[in-house]
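Next comes run_30.cif, a file with mmCIF, C-alpha atoms and all ligand atoms.
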data_my_file
#
loop_
_atom_site.label_atom_id
_atom_site.label_comp_id
_atom_site.auth_asym_id
_atom_site.auth_seq_id
_atom_site.Cartn_x
_atom_site.Cartn_y
_atom_site.Cartn_z
CA MET T 9 14.40 -25.04 -80.78
CA ILE T 10 10.78 -26.13 -80.80
CA GLU T 11 8.92 -25.10 -77.66
CA VAL T 12 6.61 -27.81 -76.38
CA GLU T 13 3.47 -26.68 -74.52
CA LEU T 14 3.12 -28.58 -71.26
CA ASN T 15 -0.24 -29.30 -69.71
CA GLN T 16 -1.07 -28.46 -66.05
CA GLU T 17 -0.03 -31.87 -64.79
CA GLU T 18 3.32 -31.73 -66.54
CA LEU T 19 3.92 -28.19 -65.34
CA LEU T 20 3.22 -29.25 -61.76
CA LYS T 21 5.56 -32.23 -62.13
CA GLU T 22 8.31 -29.99 -63.49
CA PHE T 23 7.79 -27.59 -60.54
CA GLU T 24 7.85 -30.39 -57.98
CA ASP T 25 10.99 -31.91 -59.54
CA LYS T 26 12.74 -28.55 -59.22
CA ILE T 27 11.76 -28.31 -55.56
CA ALA T 28 12.92 -31.89 -54.91
CA ASN T 29 16.25 -31.26 -56.65
CA GLU T 30 16.95 -27.93 -54.94
CA VAL T 31 16.61 -25.96 -58.20
CA LYS T 32 15.39 -22.44 -57.40
CA ILE T 33 12.02 -21.33 -58.74
CA GLU T 34 12.47 -18.09 -60.69
CA PRO T 35 9.91 -15.35 -61.47
CA ARG T 36 9.24 -16.47 -65.08
CA ASP T 37 8.87 -20.15 -64.13
CA TRP T 38 5.45 -21.71 -63.89
CA MET T 39 4.36 -22.15 -60.26
CA PRO T 40 1.09 -23.22 -58.59
CA ASP T 41 -1.12 -20.32 -57.52
CA GLU T 42 -0.95 -21.47 -53.87
CA TYR T 43 2.83 -21.31 -53.94
CA ARG T 44 2.74 -17.81 -55.47
CA ASN T 45 0.16 -16.58 -52.95
CA HIS T 46 2.06 -18.10 -50.03
CA LEU T 47 5.20 -16.24 -51.10
CA ILE T 48 3.34 -12.98 -51.73
CA ARG T 49 2.01 -13.14 -48.18
CA GLN T 50 5.24 -14.14 -46.45
CA ILE T 51 7.70 -11.95 -48.36
CA SER T 52 5.55 -8.83 -48.20
CA GLN T 53 4.93 -9.33 -44.47
CA HIS T 54 8.64 -9.78 -44.03
CA ALA T 55 9.25 -6.51 -45.93
CA HIS T 56 6.68 -4.66 -43.80
CA SER T 57 8.42 -5.98 -40.66
CA GLU T 58 11.75 -4.55 -41.73
CA VAL T 59 10.26 -1.12 -42.39
CA ILE T 60 7.94 -0.92 -39.37
CA GLY T 61 10.85 -2.27 -37.32
CA MET T 62 12.69 1.00 -37.96
CA GLN T 63 10.30 2.83 -35.64
CA PRO T 64 11.18 1.51 -32.15
CA GLU T 65 14.89 2.15 -32.75
CA GLY T 66 14.38 5.39 -34.70
CA ASN T 67 12.91 6.73 -31.48
CA TRP T 68 16.46 6.72 -30.03
CA ILE T 69 18.59 8.26 -32.79
CA SER T 70 18.34 11.76 -31.37
CA ARG T 71 19.08 10.53 -27.84
CA ALA T 72 21.96 8.11 -28.45
CA PRO T 73 24.53 8.50 -25.64
CA SER T 74 27.54 9.21 -27.90
CA LEU T 75 28.39 10.20 -31.47
CA ARG T 76 29.76 6.68 -32.03
CA SER T 77 26.53 5.01 -30.91
CA LYS T 78 24.45 7.49 -32.92
CA LYS T 79 26.40 6.70 -36.11
CA ILE T 80 26.08 2.95 -35.56
CA LEU T 81 22.36 3.18 -34.84
CA LEU T 82 21.74 5.38 -37.89
CA ALA T 83 23.57 2.90 -40.14
CA LYS T 84 21.69 -0.02 -38.62
CA ILE T 85 18.26 1.54 -39.08
CA GLN T 86 19.13 2.54 -42.62
CA ASP T 87 20.06 -1.10 -43.30
CA GLU T 88 16.60 -2.18 -42.14
CA GLY T 89 15.00 0.20 -44.65
CA GLY T 90 17.26 -1.34 -47.31
CA HIS T 91 16.13 -4.83 -46.30
CA GLY T 92 12.55 -3.70 -46.80
CA LEU T 93 13.45 -2.53 -50.30
CA TYR T 94 15.16 -5.81 -51.29
CA LEU T 95 12.16 -7.72 -49.99
CA TYR T 96 9.52 -5.55 -51.67
CA GLY T 97 11.58 -5.98 -54.86
CA ALA T 98 11.55 -9.79 -54.43
CA ALA T 99 7.80 -9.77 -53.68
CA GLU T 100 7.04 -7.59 -56.74
CA THR T 101 8.55 -10.28 -59.01
CA LEU T 102 5.47 -12.33 -58.10
CA GLY T 103 3.22 -9.90 -59.94
CA VAL T 104 1.91 -7.56 -57.21
CA SER T 105 2.78 -3.86 -57.18
CA ARG T 106 4.49 -2.04 -54.31
CA ASP T 107 1.43 0.23 -54.01
CA GLN T 108 -0.77 -2.78 -53.47
CA PHE T 109 1.50 -4.14 -50.74
CA ILE T 110 1.46 -0.79 -48.95
CA ASN T 111 -2.33 -0.54 -49.27
CA TRP T 112 -2.74 -4.00 -47.70
CA LEU T 113 -0.54 -2.89 -44.82
CA HIS T 114 -2.45 0.36 -44.31
CA GLU T 115 -5.82 -1.41 -44.53
CA GLY T 116 -4.68 -3.86 -41.81
CA LYS T 117 -4.84 -6.79 -44.25
CA ALA T 118 -1.13 -7.55 -44.10
CA LYS T 119 0.77 -8.40 -40.95
CA TYR T 120 4.21 -7.41 -39.73
CA ALA T 121 6.30 -8.91 -36.91
CA SER T 122 4.42 -8.68 -33.61
CA VAL T 123 7.59 -7.67 -31.73
CA PHE T 124 7.53 -4.16 -33.21
CA ASN T 125 4.32 -3.35 -31.38
CA TYR T 126 6.18 -2.97 -28.08
CA PRO T 127 7.61 0.35 -26.92
CA SER T 128 11.34 1.16 -26.68
CA LEU T 129 11.52 2.96 -23.35
CA ASN T 130 15.21 3.66 -22.88
CA TRP T 131 18.67 3.16 -24.38
CA ALA T 132 18.96 -0.40 -23.04
CA ASP T 133 16.02 -1.28 -25.30
CA VAL T 134 18.17 -0.42 -28.32
CA GLY T 135 20.64 -3.02 -27.05
CA ALA T 136 17.91 -5.58 -26.43
CA ILE T 137 16.36 -5.04 -29.86
CA GLY T 138 19.68 -5.54 -31.67
CA TRP T 139 20.71 -8.51 -29.56
CA LEU T 140 17.36 -10.32 -29.30
CA VAL T 141 15.17 -9.10 -32.16
CA ASP T 142 17.92 -9.08 -34.78
CA GLY T 143 19.27 -12.27 -33.18
CA ALA T 144 15.88 -13.96 -33.64
CA ALA T 145 15.49 -12.50 -37.14
CA ILE T 146 18.87 -13.80 -38.26
CA THR T 147 18.21 -17.29 -36.88
CA ASN T 148 15.18 -17.46 -39.16
CA GLN T 149 16.84 -15.70 -42.08
CA VAL T 150 19.91 -17.95 -42.18
CA SER T 151 17.59 -20.83 -42.94
CA LEU T 152 15.62 -18.70 -45.45
CA GLN T 153 18.81 -18.27 -47.50
CA ARG T 154 17.99 -21.76 -48.77
CA THR T 155 14.32 -21.01 -49.47
CA SER T 156 13.06 -22.34 -52.80
CA TYR T 157 12.17 -19.00 -54.46
CA GLY T 158 15.28 -17.53 -56.07
CA PRO T 159 14.74 -13.77 -55.52
CA TYR T 160 13.81 -14.33 -51.85
CA ALA T 161 16.83 -16.58 -51.22
CA ARG T 162 19.21 -14.07 -52.82
CA ALA T 163 17.78 -11.16 -50.83
CA MET T 164 18.32 -13.21 -47.67
CA VAL T 165 22.01 -13.77 -48.36
CA ARG T 166 22.63 -10.05 -48.41
CA ILE T 167 20.34 -9.33 -45.48
CA CYS T 168 22.02 -11.94 -43.26
CA LYS T 169 25.42 -10.31 -43.70
CA GLU T 170 24.05 -7.03 -42.36
CA GLU T 171 21.87 -8.63 -39.71
CA SER T 172 24.85 -10.26 -37.98
CA PHE T 173 26.42 -6.81 -37.50
CA HIS T 174 23.11 -5.62 -36.04
CA GLN T 175 23.03 -8.46 -33.54
CA ARG T 176 26.56 -7.66 -32.42
CA GLN T 177 25.92 -3.95 -32.01
CA GLY T 178 22.97 -4.78 -29.74
CA TYR T 179 24.97 -7.27 -27.70
CA GLU T 180 27.78 -4.74 -27.34
CA ILE T 181 25.35 -2.21 -25.82
CA MET T 182 24.09 -4.81 -23.31
CA TRP T 183 27.61 -5.92 -22.47
CA LYS T 184 28.83 -2.33 -21.87
CA MET T 185 25.83 -1.63 -19.66
CA MET T 186 26.52 -4.78 -17.65
CA GLU T 187 30.03 -3.46 -17.04
CA GLY T 188 28.62 -0.12 -15.89
CA THR T 189 26.90 1.23 -12.78
CA GLU T 190 24.22 -0.60 -10.79
CA ASP T 191 21.58 1.55 -12.51
CA GLN T 192 22.88 0.60 -15.94
CA LYS T 193 22.85 -3.08 -14.99
CA ARG T 194 19.26 -2.74 -13.81
CA MET T 195 18.30 -1.05 -17.08
CA ALA T 196 19.87 -3.85 -19.14
CA GLN T 197 18.12 -6.55 -17.10
CA ASP T 198 14.80 -4.69 -17.32
CA ALA T 199 15.12 -4.44 -21.12
CA LEU T 200 15.85 -8.17 -21.34
CA ASN T 201 12.82 -8.87 -19.14
CA ARG T 202 10.57 -6.89 -21.47
CA TRP T 203 11.95 -8.10 -24.86
CA TRP T 204 12.65 -11.78 -24.13
CA TRP T 205 9.11 -13.13 -24.56
CA PRO T 206 8.19 -10.94 -27.55
CA ALA T 207 11.44 -12.15 -29.20
CA LEU T 208 10.44 -15.80 -28.66
CA MET T 209 7.01 -15.02 -30.15
CA MET T 210 8.66 -13.76 -33.36
CA PHE T 211 9.04 -17.38 -34.50
CA GLY T 212 5.27 -17.76 -34.64
CA PRO T 213 2.90 -20.27 -33.03
CA HIS T 214 3.98 -23.80 -32.08
CA ASP T 215 4.27 -26.09 -35.12
CA SER T 216 1.07 -27.91 -34.17
CA GLU T 217 -0.81 -24.56 -34.25
CA SER T 218 0.82 -23.14 -37.39
CA PRO T 219 -1.54 -23.39 -40.38
CA ASN T 220 1.05 -22.30 -42.95
CA THR T 221 3.92 -24.58 -41.97
CA GLY T 222 2.65 -27.66 -43.85
CA ASN T 223 2.78 -26.11 -47.33
CA ALA T 224 5.79 -23.98 -46.45
CA VAL T 225 7.86 -27.04 -45.59
CA LYS T 226 6.49 -29.10 -48.51
CA TRP T 227 7.53 -26.38 -50.96
CA LYS T 228 10.79 -25.65 -49.11
CA ILE T 229 9.78 -22.04 -48.51
CA LYS T 230 10.52 -22.61 -44.83
CA ARG T 231 13.49 -24.87 -44.28
CA GLU T 232 12.96 -25.22 -40.55
CA SER T 233 9.83 -25.08 -38.44
CA ASN T 234 8.83 -22.32 -36.00
CA ASP T 235 9.67 -24.43 -32.93
CA ARG T 236 13.01 -25.67 -34.29
CA LEU T 237 14.13 -22.10 -35.00
CA ARG T 238 12.95 -20.91 -31.58
CA GLU T 239 15.01 -23.70 -29.97
CA LYS T 240 18.09 -22.72 -31.97
CA PHE T 241 17.64 -19.12 -30.87
CA ILE T 242 17.39 -19.86 -27.16
CA ASN T 243 20.30 -22.30 -27.28
CA LYS T 244 22.63 -19.66 -28.63
CA THR T 245 21.24 -16.68 -26.70
CA ILE T 246 21.12 -18.06 -23.16
CA PRO T 247 24.92 -18.57 -22.90
CA GLN T 248 25.37 -15.00 -24.22
CA ALA T 249 23.13 -13.68 -21.44
CA GLU T 250 24.99 -15.66 -18.79
CA LEU T 251 28.36 -14.50 -20.04
CA ILE T 252 27.56 -10.89 -19.21
CA GLY T 253 25.61 -11.60 -16.02
CA LEU T 254 22.03 -11.26 -17.29
CA LYS T 255 19.27 -13.53 -16.09
CA ILE T 256 16.70 -14.95 -18.53
CA PRO T 257 13.24 -13.97 -17.19
CA ASP T 258 11.81 -17.48 -17.32
CA PRO T 259 11.36 -19.30 -13.98
CA ASN T 260 10.65 -22.55 -15.86
CA LEU T 261 13.71 -22.48 -18.10
CA LYS T 262 15.50 -25.84 -18.03
CA GLN T 263 18.86 -26.95 -19.30
CA ILE T 264 18.18 -30.25 -21.06
CA GLY T 265 21.60 -30.98 -22.54
CA GLU T 266 24.94 -29.39 -23.25
CA GLU T 267 23.99 -25.95 -24.60
CA GLN T 268 20.36 -27.07 -24.97
CA TYR T 269 17.48 -25.47 -23.15
CA ALA T 270 13.70 -25.76 -22.88
CA HIS T 271 11.73 -22.57 -22.24
CA GLY T 272 8.61 -22.16 -20.11
CA ASP T 273 5.15 -21.53 -21.55
CA ILE T 274 4.71 -18.64 -23.95
CA ASP T 275 1.70 -16.39 -23.37
CA TRP T 276 -0.10 -17.11 -26.64
CA LYS T 277 -3.04 -14.93 -25.66
CA GLU T 278 -0.71 -11.96 -25.63
CA PHE T 279 0.72 -13.03 -29.01
CA TRP T 280 -2.70 -13.23 -30.71
CA ASP T 281 -3.83 -9.99 -29.05
CA VAL T 282 -0.81 -8.18 -30.49
CA ILE T 283 -1.24 -9.76 -33.93
CA ASN T 284 -4.90 -8.79 -33.93
CA GLY T 285 -4.05 -5.14 -33.46
CA ASN T 286 -4.24 -4.80 -29.68
CA GLY T 287 -0.58 -4.58 -28.69
CA PRO T 288 0.76 -1.52 -26.84
CA CYS T 289 1.89 0.29 -30.02
CA ASN T 290 -0.03 -1.21 -32.97
CA GLN T 291 -2.04 1.90 -33.63
CA GLN T 292 0.93 4.23 -33.25
CA ARG T 293 3.13 2.14 -35.59
CA LEU T 294 0.54 2.02 -38.35
CA GLU T 295 -0.46 5.69 -38.04
CA HIS T 296 3.19 6.69 -38.22
CA HIS T 297 3.70 4.62 -41.37
CA ILE T 298 0.60 6.07 -43.02
CA GLN T 299 1.67 9.61 -42.13
CA ALA T 300 5.23 9.08 -43.41
CA HIS T 301 3.84 7.56 -46.62
CA GLN T 302 1.56 10.56 -47.17
CA ASP T 303 4.38 12.99 -46.39
CA GLY T 304 6.56 11.23 -48.96
CA ALA T 305 4.01 11.51 -51.78
CA TRP T 306 5.85 14.44 -53.37
CA VAL T 307 9.09 12.42 -53.52
CA ARG T 308 7.34 9.61 -55.39
CA GLU T 309 5.70 12.15 -57.74
CA CYS T 310 9.08 13.73 -58.54
CA ALA T 311 10.70 10.35 -59.10
CA ASN T 312 7.87 9.27 -61.40
CA ALA T 313 7.96 12.56 -63.31
CA TYR T 314 11.72 12.19 -63.83
CA HIS T 315 11.28 8.54 -64.82
CA THR T 316 8.58 9.44 -67.41
CA LYS T 317 10.60 12.35 -68.79
CA SER T 318 13.79 10.31 -69.16
CA LYS T 319 12.04 7.51 -71.09
N1 LIG G 401 4.23 -11.59 -35.98
O1 LIG G 401 1.18 -20.40 -39.82
P1 LIG G 401 2.15 -19.46 -39.20
C1 LIG G 401 13.32 -8.33 -38.43
C2 LIG G 401 1.13 -14.95 -38.24
S1 LIG G 401 12.53 -9.25 -39.60
C3 LIG G 401 3.15 -11.36 -36.72
O2 LIG G 401 3.24 -20.06 -38.37
P2 LIG G 401 4.11 -18.63 -41.16
C4 LIG G 401 14.49 -7.49 -38.82
C5 LIG G 401 1.39 -15.53 -39.61
O3 LIG G 401 1.72 -14.53 -40.54
C6 LIG G 401 11.24 -10.07 -38.68
N2 LIG G 401 2.43 -12.35 -37.30
O4 LIG G 401 2.76 -18.50 -40.32
C7 LIG G 401 14.54 -6.29 -37.96
C8 LIG G 401 0.07 -16.21 -39.89
O5 LIG G 401 -0.90 -15.26 -40.29
P3 LIG G 401 -1.36 -15.10 -41.85
C9 LIG G 401 10.26 -10.64 -39.57
C10 LIG G 401 2.86 -13.61 -37.10
O6 LIG G 401 4.12 -17.59 -42.19
C11 LIG G 401 15.12 -6.36 -36.70
C12 LIG G 401 -0.36 -16.70 -38.53
O7 LIG G 401 0.33 -15.90 -37.58
N3 LIG G 401 10.74 -11.87 -40.13
O8 LIG G 401 12.92 -8.46 -37.33
C13 LIG G 401 4.00 -13.90 -36.34
O9 LIG G 401 4.28 -20.06 -41.61
C14 LIG G 401 15.19 -5.20 -35.89
C15 LIG G 401 -0.05 -18.16 -38.30
O10 LIG G 401 1.39 -18.39 -38.27
C16 LIG G 401 10.03 -12.53 -41.04
O11 LIG G 401 8.98 -12.10 -41.43
C17 LIG G 401 4.69 -12.83 -35.76
N4 LIG G 401 5.77 -13.01 -34.99
O12 LIG G 401 5.24 -18.36 -40.07
C18 LIG G 401 14.05 -5.08 -38.41
C19 LIG G 401 10.66 -13.78 -41.57
N5 LIG G 401 4.16 -15.25 -36.32
O13 LIG G 401 -0.17 -14.57 -42.58
C20 LIG G 401 14.14 -3.93 -37.63
C21 LIG G 401 9.84 -14.39 -42.68
C22 LIG G 401 3.15 -15.76 -37.03
O14 LIG G 401 -1.72 -16.48 -42.33
C23 LIG G 401 14.71 -4.01 -36.35
N6 LIG G 401 8.60 -14.93 -42.21
N7 LIG G 401 2.36 -14.79 -37.49
O15 LIG G 401 -2.49 -14.12 -41.81
C24 LIG G 401 8.49 -16.17 -41.63
O16 LIG G 401 9.48 -16.89 -41.47
C25 LIG G 401 7.12 -16.66 -41.26
O17 LIG G 401 6.17 -15.91 -41.97
C26 LIG G 401 6.82 -16.57 -39.73
C27 LIG G 401 5.39 -17.09 -39.50
C28 LIG G 401 7.78 -17.46 -38.96
C29 LIG G 401 6.91 -15.15 -39.22
#

Would you write out, as structure tokens, the structure that this file holds?
Ligand code: FAQ
Amino acid sequence: MIEVELNQEELLKEFEDKIANEVKIEPRDWMPDEYRNHLIRQISQHAHSEVIGMQPEGNWISRAPSLRSKKILLAKIQDEGGHGLYLYGAAETLGVSRDQFINWLHEGKAKYASVFNYPSLNWADVGAIGWLVDGAAITNQVSLQRTSYGPYARAMVRICKEESFHQRQGYEIMWKMMEGTEDQKRMAQDALNRWWWPALMMFGPHDSESPNTGNAVKWKIKRESNDRLREKFINKTIPQAELIGLKIPDPNLKQIGEEQYAHGDIDWKEFWDVINGNGPCNQQRLEHHIQAHQDGAWVRECANAYHTKSK
């Protein structure tokens, strides 16, 4: 077969036709630099979120209230590490090394989900994280299963299967606590009060304030906007809260239709403060990651030595 060289215009047309026809873009396909850079940013930040997100829950492994809950929590946190690996793998297909991604994180040039900069104070927080944070993550990730970049979409399919178990394990903790003593009920409500707003912030700024949404929607990287996903999340989560007797900490929450709600104002100042490094645990999270990375240097050296020897 004779290979015909396409010029820039033809390459762009071919790329746009694929996007229009729902054909996935694959690593060896031509793609505009802006599309590549957009994906490098989003997928690597997503990977960092999964890995940094292990810290608030990891805090509770040694203090889980039963062997059963310890085993479930261990498996869940291990899954999150695995999600980070799938996502770093997907991001690396865009031509950036894992080391570079980690350096950007450590230098503060890459972001990770703002929600992980809040502390996990007691066992009810483990429930709230699974129920709300994984619940928010999965709402977004279900739609990302149809994202236009093949490796990212395929990673999402696998991640979503695990994420739905995570959401249920969190909800089970909240539900059991709401069937418990008055103190346990208070703990569950307090955890909801503290995690509700950070969970809503996970979806990012309102669409009108979101600089990346335009290109993301045009290229079908994002299939639904920040606000649409946030709405979906509250519509499914509020009935779950009511079912077990929890109250959503939003005095301005309104029911606007059957199973449809409108939330009160989000504190965007808090959101940007956290994103800019000034949340309650930003420094701690990053320092812990840097320390763990340094402590693991010998493992990487051994793996590389073995890899070189076995070539
Ligand atoms: N946190 O223009 P947009 C999980 C940044 S996985 C921090 O709207 P975009 C699993 C944004 O990057 C959770 N930064 O941006 C788990 C941008 O800055 P940049 C992670 C945020 O990309 C559970 C700027 O603000 N999921 O939790 C946040 O179109 C439990 C302007 O924003 C994903 O990453 C935020 N919340 O939309 C693990 C999903 N929101 O980059 C362990 C994939 C916005 O230009 C335990 N990512 N920013 O410097 C996405 O869907 C999107 O990237 C958004 C942001 C929706 C996060």

As an exercise, work out the distance from CA of Trp280 in chain T to atom O9 of ligand LIG 401 (chain G) in Å and give it to one decimal place. 14.6 Å

Which residues are near range 298-312 of chain T? Cut-off 10 Å, only C-alpha atoms, ignore same chain within fewer than 3 positions. Put them as an NGL selection string. :T and (110-111 or 113-115 or 292-295 or 315-318)

Write the selection just made, keeping C-alpha atoms, as an mmCIF file, in the frame of the given file?
data_model
loop_
_atom_site.group_PDB
_atom_site.id
_atom_site.type_symbol
_atom_site.label_atom_id
_atom_site.label_comp_id
_atom_site.auth_asym_id
_atom_site.auth_seq_id
_atom_site.Cartn_x
_atom_site.Cartn_y
_atom_site.Cartn_z
ATOM 1 C CA ILE T 110 1.460 -0.790 -48.950
ATOM 2 C CA ASN T 111 -2.330 -0.540 -49.270
ATOM 3 C CA LEU T 113 -0.540 -2.890 -44.820
ATOM 4 C CA HIS T 114 -2.450 0.360 -44.310
ATOM 5 C CA GLU T 115 -5.820 -1.410 -44.530
ATOM 6 C CA GLN T 292 0.930 4.230 -33.250
ATOM 7 C CA ARG T 293 3.130 2.140 -35.590
ATOM 8 C CA LEU T 294 0.540 2.020 -38.350
ATOM 9 C CA GLU T 295 -0.460 5.690 -38.040
ATOM 10 C CA HIS T 315 11.280 8.540 -64.820
ATOM 11 C CA THR T 316 8.580 9.440 -67.410
ATOM 12 C CA LYS T 317 10.600 12.350 -68.790
ATOM 13 C CA SER T 318 13.790 10.310 -69.160
#

Nearby polymer residues, ligand LIG 401 (chain G), at most 8 Å, all atoms listed in the file, as a short mmCIF file (atom, residue, chain, number, x, y, z; two decimals) with C-alpha atoms, keeping the file's coordinate frame:
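Wrote it out as part07.cif, contents follow:
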data_model
loop_
_atom_site.label_atom_id
_atom_site.label_comp_id
_atom_site.auth_asym_id
_atom_site.auth_seq_id
_atom_site.Cartn_x
_atom_site.Cartn_y
_atom_site.Cartn_z
CA ARG T 49 2.01 -13.14 -48.18
CA GLN T 50 5.24 -14.14 -46.45
CA ILE T 51 7.70 -11.95 -48.36
CA GLN T 53 4.93 -9.33 -44.47
CA HIS T 54 8.64 -9.78 -44.03
CA ALA T 55 9.25 -6.51 -45.93
CA SER T 57 8.42 -5.98 -40.66
CA GLU T 58 11.75 -4.55 -41.73
CA VAL T 59 10.26 -1.12 -42.39
CA ILE T 60 7.94 -0.92 -39.37
CA GLY T 61 10.85 -2.27 -37.32
CA MET T 62 12.69 1.00 -37.96
CA PRO T 64 11.18 1.51 -32.15
CA GLU T 65 14.89 2.15 -32.75
CA ILE T 85 18.26 1.54 -39.08
CA GLU T 88 16.60 -2.18 -42.14
CA ALA T 118 -1.13 -7.55 -44.10
CA LYS T 119 0.77 -8.40 -40.95
CA TYR T 120 4.21 -7.41 -39.73
CA ALA T 121 6.30 -8.91 -36.91
CA SER T 122 4.42 -8.68 -33.61
CA VAL T 123 7.59 -7.67 -31.73
CA PHE T 124 7.53 -4.16 -33.21
CA ILE T 137 16.36 -5.04 -29.86
CA GLY T 138 19.68 -5.54 -31.67
CA VAL T 141 15.17 -9.10 -32.16
CA ASP T 142 17.92 -9.08 -34.78
CA ALA T 144 15.88 -13.96 -33.64
CA ALA T 145 15.49 -12.50 -37.14
CA ILE T 146 18.87 -13.80 -38.26
CA ASN T 148 15.18 -17.46 -39.16
CA GLN T 149 16.84 -15.70 -42.08
CA LEU T 152 15.62 -18.70 -45.45
CA GLU T 171 21.87 -8.63 -39.71
CA HIS T 174 23.11 -5.62 -36.04
CA MET T 209 7.01 -15.02 -30.15
CA MET T 210 8.66 -13.76 -33.36
CA PHE T 211 9.04 -17.38 -34.50
CA GLY T 212 5.27 -17.76 -34.64
CA PRO T 213 2.90 -20.27 -33.03
CA HIS T 214 3.98 -23.80 -32.08
CA ASP T 215 4.27 -26.09 -35.12
CA GLU T 217 -0.81 -24.56 -34.25
CA SER T 218 0.82 -23.14 -37.39
CA PRO T 219 -1.54 -23.39 -40.38
CA ASN T 220 1.05 -22.30 -42.95
CA THR T 221 3.92 -24.58 -41.97
CA ALA T 224 5.79 -23.98 -46.45
CA LYS T 230 10.52 -22.61 -44.83
CA SER T 233 9.83 -25.08 -38.44
CA ASN T 234 8.83 -22.32 -36.00
CA PHE T 279 0.72 -13.03 -29.01
CA TRP T 280 -2.70 -13.23 -30.71
CA ILE T 283 -1.24 -9.76 -33.93
#

Show me a table, sorted first by chain and then by increasing residue number, of the residues of range 248-272 of chain T having an atom at most 10 Å from range 190-208 of chain T, each with its shortest atom pair and the distance in Å to one decimal, counting only C-alpha atoms and written as a Markdown table.
| residue | atom | partner | partner_atom | distance |
| --- | --- | --- | --- | --- |
| T:Ala249 | CA | T:Leu200 | CA | 9.1 |
| T:Gly253 | CA | T:Lys193 | CA | 9.0 |
| T:Leu254 | CA | T:Gln197 | CA | 6.1 |
| T:Lys255 | CA | T:Gln197 | CA | 7.1 |
| T:Ile256 | CA | T:Asn201 | CA | 7.2 |
| T:Pro257 | CA | T:Asn201 | CA | 5.5 |
| T:Asp258 | CA | T:Asn201 | CA | 8.9 |
| T:His271 | CA | T:Leu208 | CA | 9.4 |

Restricted to C-alpha atoms, what would the selected residues look like written as a CSV table (one decimal), keeping the file's coordinate frame?
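Produced file part_19.csv, reproduced below:
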chain,number,residue,atom,x,y,z
T,249,ALA,CA,23.1,-13.7,-21.4
T,253,GLY,CA,25.6,-11.6,-16.0
T,254,LEU,CA,22.0,-11.3,-17.3
T,255,LYS,CA,19.3,-13.5,-16.1
T,256,ILE,CA,16.7,-15.0,-18.5
T,257,PRO,CA,13.2,-14.0,-17.2
T,258,ASP,CA,11.8,-17.5,-17.3
T,271,HIS,CA,11.7,-22.6,-22.2

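Interatomic distance, CA of Asn290 in chain T to CA of Ala99 in chain T: 23.7 Å.
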
Atomic separation - CA of Arg166 in chain T relative to CA of Arg106 in chain T, Å: 20.7 Å

Neighbouring residues of Lys78 in chain T were defined as those with any atom within 12 Å, considering all atoms listed in the file; residues of the same chain fewer than 3 positions away were excluded. Please report them as a list in words.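 After dropping sequence-adjacent residues, the list is Glu65, Gly66, Asn67, Trp68, Ile69, Ser70, Arg71, Ala72, Pro73, Ser74, Leu75, Leu81, Leu82, Ala83, Lys84, Ile85, Trp131, Val134 and Gln177 of chain T.
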
Looking at all atoms listed in the file, which of T:Leu102, T:Leu93, T:Ala163, T:Ile80 is the one that sits closest to Trp38 in chain T?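 When distances to Trp38 in chain T are compared using all atoms listed in the file, the smallest one comes from T:Leu102.
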
Name the closest residue to Cys168 in chain T among the candidates T:Ser216, T:Arg76, T:Glu266, T:Ser151; distances are taken between atoms, counting all atoms listed in the file.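 Closest to Cys168 in chain T, using all atoms listed in the file: T:Ser151.
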
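When all atoms listed in the file are used to compute distances to Met39 in chain T, the closest of the residues T:Gln108, T:Ala132, T:Tyr157, T:Trp276 turns out to be T:Tyr157.
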
Restricting the calculation to only C-alpha atoms, which member of T:Glu180, T:Glu18, T:Glu24, T:Asp107 is positioned closest to Ser77 in chain T?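 Answer, going by the shortest atom-to-atom distance: T:Glu180.
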
Using all atoms listed in the file, find the one residue out of T:Tyr160, T:Trp183, T:Trp227, T:Trp112 that sits nearest to Asp25 in chain T.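 Of all the options, T:Trp227 lies closest to Asp25 in chain T.
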
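Here the question is which of T:Asp41, T:Ala313, T:Ile229, T:Glu239 gets nearest to Arg154 in chain T using all atoms listed in the file, and that residue is T:Ile229.
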